[in-house]
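J.: If you scroll down you'll find the structure; I have some questions about it.
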Amino acid sequence: MLIKTKKGLEIPSSEITPKYLYESRRQFMKGVATLAAGSLLAACSPQFGGAGAEEETAVSSDQSTTQSTNTAGKANATADELGDPLNSYQDITNFNNYYEFTQDKQGVASAAAGYQTTPWEVEISGMVNNPGVFGVEDLLSQFDQEERVYRLRCVEGWSMVIPWNGFPLRKLLELVEPTSTAKYVRFETVYDPDNMPGQKSPWFTWPYVEGLTVDEAMNDLTLLATGLYGEQLLPQNGAPIRLVVPWKYGFKNIKSIVKIELTDTQPTSLWMEAAPNEYGFYANVNPNVDHPRWSQATERRIGELSRRPTLMFNGYEEQVANLYEGIDLQENF
Ligand code: MTE
């Protein structure tokens with residue numbers, strides 16, 4: 001039976017989308033109709049973001065946004081280092097971007113529920129002395145799991161504070177030993193269109209790909225996350241292993257990784273391929289560089305009503321600014 005209901009997490013589009021864009025949406029849609037498919041489908045944006053545009057949605061009565069998330073885990077911290085409180089487990093596991101399943105942020109949890117993430121292997125190849133295939137279980141026993149409380153700032157203009165569990169990517173890279181010729185790390189999400197309906201969409205080049213420079217990957221902040229709130233990651237958050245790079249826009253945080261390749265060529269990410277004028281390789285959070293279609297100066301923290309200023313490098317300037325010395329951040333967006 002279909003019922004008209006408000007979902008548990010009510011985030012009206014007016015709060016996610018900058019007001020001027022929200023109000024001029026109809027006019028905007030007329031304009032984009034003339035654009036090429038690639039930029040039209042720059043879908044990691046509030047206008048095309050699915051659930052953000054739907055405050056009320058018809059869902060079947062046996063579905064629940066709290067599916068698989070009834071047990072909120074435990075975090076040691078209660079706030080980030082700036083004093084802002086953690087977002088709830090409920091928020092973090094029910095408002096997601098995972099285009100392989102659906103573009104409806106509040107529908108990802110149910111669309112991904114039951115997705116099989118064990119057993120799982122990650123292949124590390126390319127310019128390394130010790131290539132190999134690593135079972136996630138082995139990685140979990142090999143590397144101590146740390147709690148890292150990071151801000152996640154989506155390019156769409158919303159943010160959360162998340163207590164991740166995981167280990168620095170650096171530790172895994174030290175194990176495989178990148179050669180001196182390796183300059184970049186390329187990551188790939190699992191390709192499984194039979195179980196990930198979004199991968200049947202012709203508008204994107206699947207699988208999802210992301211990349212970092214080796215220096216970014218070796219930075220201590222860069223995490224391979226396997227859990228949050230002390231619980232194993234749920235499918236909607238990129239189980240069993242995903243990247244977390246807190247000074248970059250959320251789309252760099254690639255989920256459900258199966259391949260990591262060290263290379264001397266800058267990887268082309270899914271978003272760079274889909275809309276190169278909108279999504280660059282670096283994607284550092286930068287309030288001074290607007291997205292071509294909206295300002296990046298402010299953001300809305302999920303759970304708050306008003307917008308707050310976006311911080312340079314998402315507040316991690318001290319730890320990462322040195323990576324970009326001499327680089328024009330306006331050009332290298
Ligand atoms: N990884 C894959 N494979 N597919 C995606 O659609 N979305 C990205 C990123 N990683 C995405 C992905 C975007 S746009 C964001 S904001 C974050 O995941 C959201 O992570 P979360 O759902 O855990 O909050």
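Residues in the structure tokens are named by chain (A, B, ... in the order shown) and by number from 1 within that chain; ligands are numbered from 1 in the order shown.
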Return as a ChimeraX atom specification the full set of residues in range 83-300 of chain A whose backbone-based DSSP assignment is helix (DSSP H, G or I).

T.: /A:89-94,105-112,136-142,169-176,197-200,214-218,235-237,250-252,270-274

J.: Please extract the residues at most 6 Å from ligand 1, counting only C-alpha atoms and all ligand atoms, and provide them as a list in words, using the chain letters and residue numbers of this document.

T.: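 Those residues are Cys44, Asn96, Asn97, Tyr98, Tyr99, Glu100, Cys154, Thr189, Tyr208, Asn237, Gly250, Phe251, Asn253, Ile254 and Lys255 of chain A.
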
J.: Skip Leu82 in chain A itself and residues of its chain fewer than 5 positions away, then list as an NGL selection string all residues within 12 Å of it, counting only C-alpha atoms.

T.: :A and (149-151 or 161 or 311 or 314-316)

J.: Can you tell me which residues surround Gln296 in chain A at a distance of at most 10 Å, considering only C-alpha atoms, apart from same-chain residues fewer than 6 positions away, and format the answer as a list in words?

T.: Pro18, Val155, Glu156, Gly157, Val285, Asn286, Pro287, Asn288, Val289, Asp290, Pro309, Thr310 and Leu311 of chain A

J.: So that I can check the secondary structure, give me every residue of range 84-267 of chain A assigned strand (DSSP E) by backbone DSSP, as an NGL selection string.

T.: :A and (121-126 or 132-135 or 146-153 or 158-168 or 184-189 or 209-213 or 223-228 or 231-232 or 242-244 or 257-263)

J.: What does the distance between CA of Glu210 in chain A and CA of Met196 in chain A come to in Å, to one decimal place?

T.: 18.3 Å

J.: CA of Ala112 in chain A to CA of Arg242 in chain A: how many Å, to one decimal?

T.: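 A separation of 15.1 Å between them.
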
J.: For CA of Leu152 in chain A and CA of Tyr184 in chain A, quote the distance in Å rounded to one decimal.

T.: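 Rounded to one decimal, the two atoms are 22.7 Å apart.
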
J.: Determine, counting only C-alpha atoms, which protein, DNA and RNA residues have an atom within 9 Å of an atom of Leu243 in chain A; residues of the same chain fewer than 2 positions away are not included. Present the result as a list in words.

T.: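 Everything that qualifies: Leu169, Phe187, Thr222, Leu223, Leu224, Ala225, Gly238, Ile241, Val245, Lys252, Asn253, Ile254, Lys255, Ser256 and Ile257 of chain A.
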
J.: Can you spit out the residues from that selection as a PDB file, in the first residue's frame, using N, CA, C and O atoms?

T.:
ATOM      1  N   LEU A 169      45.265   5.664   5.345  1.00  0.00           N
ATOM      2  CA  LEU A 169      45.632   5.044   4.074  1.00  0.00           C
ATOM      3  C   LEU A 169      47.153   4.868   3.995  1.00  0.00           C
ATOM      4  O   LEU A 169      47.663   3.902   3.430  1.00  0.00           O
ATOM      5  N   PHE A 187      41.364   5.214  -7.243  1.00  0.00           N
ATOM      6  CA  PHE A 187      40.480   4.310  -6.481  1.00  0.00           C
ATOM      7  C   PHE A 187      39.280   3.961  -7.346  1.00  0.00           C
ATOM      8  O   PHE A 187      38.770   4.807  -8.094  1.00  0.00           O
ATOM      9  N   THR A 222      44.163  11.413   5.892  1.00  0.00           N
ATOM     10  CA  THR A 222      43.483  10.572   4.897  1.00  0.00           C
ATOM     11  C   THR A 222      43.236   9.179   5.462  1.00  0.00           C
ATOM     12  O   THR A 222      44.167   8.470   5.843  1.00  0.00           O
ATOM     13  N   LEU A 223      41.957   8.824   5.499  1.00  0.00           N
ATOM     14  CA  LEU A 223      41.549   7.623   6.224  1.00  0.00           C
ATOM     15  C   LEU A 223      40.894   6.622   5.280  1.00  0.00           C
ATOM     16  O   LEU A 223      40.166   7.001   4.358  1.00  0.00           O
ATOM     17  N   LEU A 224      41.132   5.345   5.539  1.00  0.00           N
ATOM     18  CA  LEU A 224      40.271   4.303   4.974  1.00  0.00           C
ATOM     19  C   LEU A 224      39.310   3.935   6.095  1.00  0.00           C
ATOM     20  O   LEU A 224      39.724   3.399   7.131  1.00  0.00           O
ATOM     21  N   ALA A 225      38.048   4.267   5.914  1.00  0.00           N
ATOM     22  CA  ALA A 225      37.066   4.053   6.986  1.00  0.00           C
ATOM     23  C   ALA A 225      36.384   2.705   6.801  1.00  0.00           C
ATOM     24  O   ALA A 225      36.033   2.308   5.683  1.00  0.00           O
ATOM     25  N   GLY A 238      29.038   3.092   2.354  1.00  0.00           N
ATOM     26  CA  GLY A 238      30.202   2.650   1.584  1.00  0.00           C
ATOM     27  C   GLY A 238      30.900   1.439   2.130  1.00  0.00           C
ATOM     28  O   GLY A 238      32.107   1.257   1.916  1.00  0.00           O
ATOM     29  N   ILE A 241      34.573  -0.734   3.006  1.00  0.00           N
ATOM     30  CA  ILE A 241      35.747   0.144   3.150  1.00  0.00           C
ATOM     31  C   ILE A 241      35.614   1.302   2.179  1.00  0.00           C
ATOM     32  O   ILE A 241      35.333   1.104   0.992  1.00  0.00           O
ATOM     33  N   VAL A 245      38.516  11.864   3.073  1.00  0.00           N
ATOM     34  CA  VAL A 245      39.529  12.916   2.892  1.00  0.00           C
ATOM     35  C   VAL A 245      38.857  14.217   3.330  1.00  0.00           C
ATOM     36  O   VAL A 245      38.225  14.902   2.526  1.00  0.00           O
ATOM     37  N   LYS A 252      34.857  13.218  -3.150  1.00  0.00           N
ATOM     38  CA  LYS A 252      36.159  12.539  -3.217  1.00  0.00           C
ATOM     39  C   LYS A 252      36.183  11.281  -2.344  1.00  0.00           C
ATOM     40  O   LYS A 252      37.053  10.430  -2.500  1.00  0.00           O
ATOM     41  N   ASN A 253      35.206  11.193  -1.415  1.00  0.00           N
ATOM     42  CA  ASN A 253      35.222  10.102  -0.421  1.00  0.00           C
ATOM     43  C   ASN A 253      34.593   8.833  -1.007  1.00  0.00           C
ATOM     44  O   ASN A 253      33.511   8.406  -0.599  1.00  0.00           O
ATOM     45  N   ILE A 254      35.268   8.232  -1.927  1.00  0.00           N
ATOM     46  CA  ILE A 254      34.732   7.107  -2.704  1.00  0.00           C
ATOM     47  C   ILE A 254      34.400   5.914  -1.810  1.00  0.00           C
ATOM     48  O   ILE A 254      35.159   5.574  -0.900  1.00  0.00           O
ATOM     49  N   LYS A 255      33.246   5.307  -2.120  1.00  0.00           N
ATOM     50  CA  LYS A 255      32.704   4.219  -1.286  1.00  0.00           C
ATOM     51  C   LYS A 255      33.035   2.838  -1.871  1.00  0.00           C
ATOM     52  O   LYS A 255      33.325   2.712  -3.055  1.00  0.00           O
ATOM     53  N   SER A 256      32.914   1.846  -1.013  1.00  0.00           N
ATOM     54  CA  SER A 256      32.982   0.413  -1.410  1.00  0.00           C
ATOM     55  C   SER A 256      34.103   0.167  -2.421  1.00  0.00           C
ATOM     56  O   SER A 256      33.867  -0.249  -3.560  1.00  0.00           O
ATOM     57  N   ILE A 257      35.330   0.410  -1.950  1.00  0.00           N
ATOM     58  CA  ILE A 257      36.508   0.357  -2.834  1.00  0.00           C
ATOM     59  C   ILE A 257      36.917  -1.097  -3.100  1.00  0.00           C
ATOM     60  O   ILE A 257      36.994  -1.903  -2.170  1.00  0.00           O
TER      61      ILE A 257
END

J.: Let me make sure I understand: among A:Asn277, A:Thr265, A:Thr298, A:Asn165, which one has the smallest atom-to-atom distance to Leu140 in chain A if we use only C-alpha atoms?

T.: A:Asn165

J.: Neighbouring residues of Thr181 in chain A were defined as those with any atom within 12 Å, considering only C-alpha atoms; residues of the same chain fewer than 4 positions away were excluded. Please report them as a VMD selection string.

T.: chain A and resid 126 to 129 177 185 214 262 to 265

J.: Take the residues from that selection and write them out as a PDB file, in the first residue's frame, keeping N, CA and C atoms.

T.:
ATOM      1  N   GLY A 126      49.782  -1.572  -9.812  1.00  0.00           N
ATOM      2  CA  GLY A 126      50.452  -0.425 -10.433  1.00  0.00           C
ATOM      3  C   GLY A 126      51.855  -0.230  -9.884  1.00  0.00           C
ATOM      4  N   MET A 127      52.221   1.028  -9.686  1.00  0.00           N
ATOM      5  CA  MET A 127      53.589   1.364  -9.346  1.00  0.00           C
ATOM      6  C   MET A 127      53.882   1.163  -7.858  1.00  0.00           C
ATOM      7  N   VAL A 128      53.910  -0.113  -7.484  1.00  0.00           N
ATOM      8  CA  VAL A 128      54.224  -0.483  -6.095  1.00  0.00           C
ATOM      9  C   VAL A 128      55.176  -1.676  -6.122  1.00  0.00           C
ATOM     10  N   ASN A 129      55.986  -1.784  -5.081  1.00  0.00           N
ATOM     11  CA  ASN A 129      56.902  -2.934  -5.023  1.00  0.00           C
ATOM     12  C   ASN A 129      56.191  -4.203  -4.581  1.00  0.00           C
ATOM     13  N   GLU A 177      54.452  -0.215  -0.645  1.00  0.00           N
ATOM     14  CA  GLU A 177      55.633   0.531  -1.107  1.00  0.00           C
ATOM     15  C   GLU A 177      55.496   1.104  -2.519  1.00  0.00           C
ATOM     16  N   VAL A 185      47.204   8.226  -6.769  1.00  0.00           N
ATOM     17  CA  VAL A 185      46.515   7.002  -6.345  1.00  0.00           C
ATOM     18  C   VAL A 185      45.106   7.050  -6.941  1.00  0.00           C
ATOM     19  N   VAL A 214      49.882  11.263  -4.487  1.00  0.00           N
ATOM     20  CA  VAL A 214      50.493  10.394  -3.461  1.00  0.00           C
ATOM     21  C   VAL A 214      50.686  11.186  -2.168  1.00  0.00           C
ATOM     22  N   LEU A 262      48.410   2.637  -8.041  1.00  0.00           N
ATOM     23  CA  LEU A 262      49.407   3.703  -8.017  1.00  0.00           C
ATOM     24  C   LEU A 262      49.853   3.955  -9.447  1.00  0.00           C
ATOM     25  N   THR A 263      49.878   5.226  -9.835  1.00  0.00           N
ATOM     26  CA  THR A 263      50.108   5.539 -11.248  1.00  0.00           C
ATOM     27  C   THR A 263      50.885   6.858 -11.374  1.00  0.00           C
ATOM     28  N   ASP A 264      51.425   7.101 -12.568  1.00  0.00           N
ATOM     29  CA  ASP A 264      52.084   8.395 -12.796  1.00  0.00           C
ATOM     30  C   ASP A 264      51.175   9.345 -13.578  1.00  0.00           C
ATOM     31  N   THR A 265      49.936   8.908 -13.834  1.00  0.00           N
ATOM     32  CA  THR A 265      48.993   9.712 -14.631  1.00  0.00           C
ATOM     33  C   THR A 265      47.848  10.178 -13.739  1.00  0.00           C
TER      34      THR A 265
END

J.: Between A:Val244, A:Pro276, A:Gly166, A:Asn94, single out the one closest to Tyr229 in chain A, counting only C-alpha atoms.

T.: A:Gly166
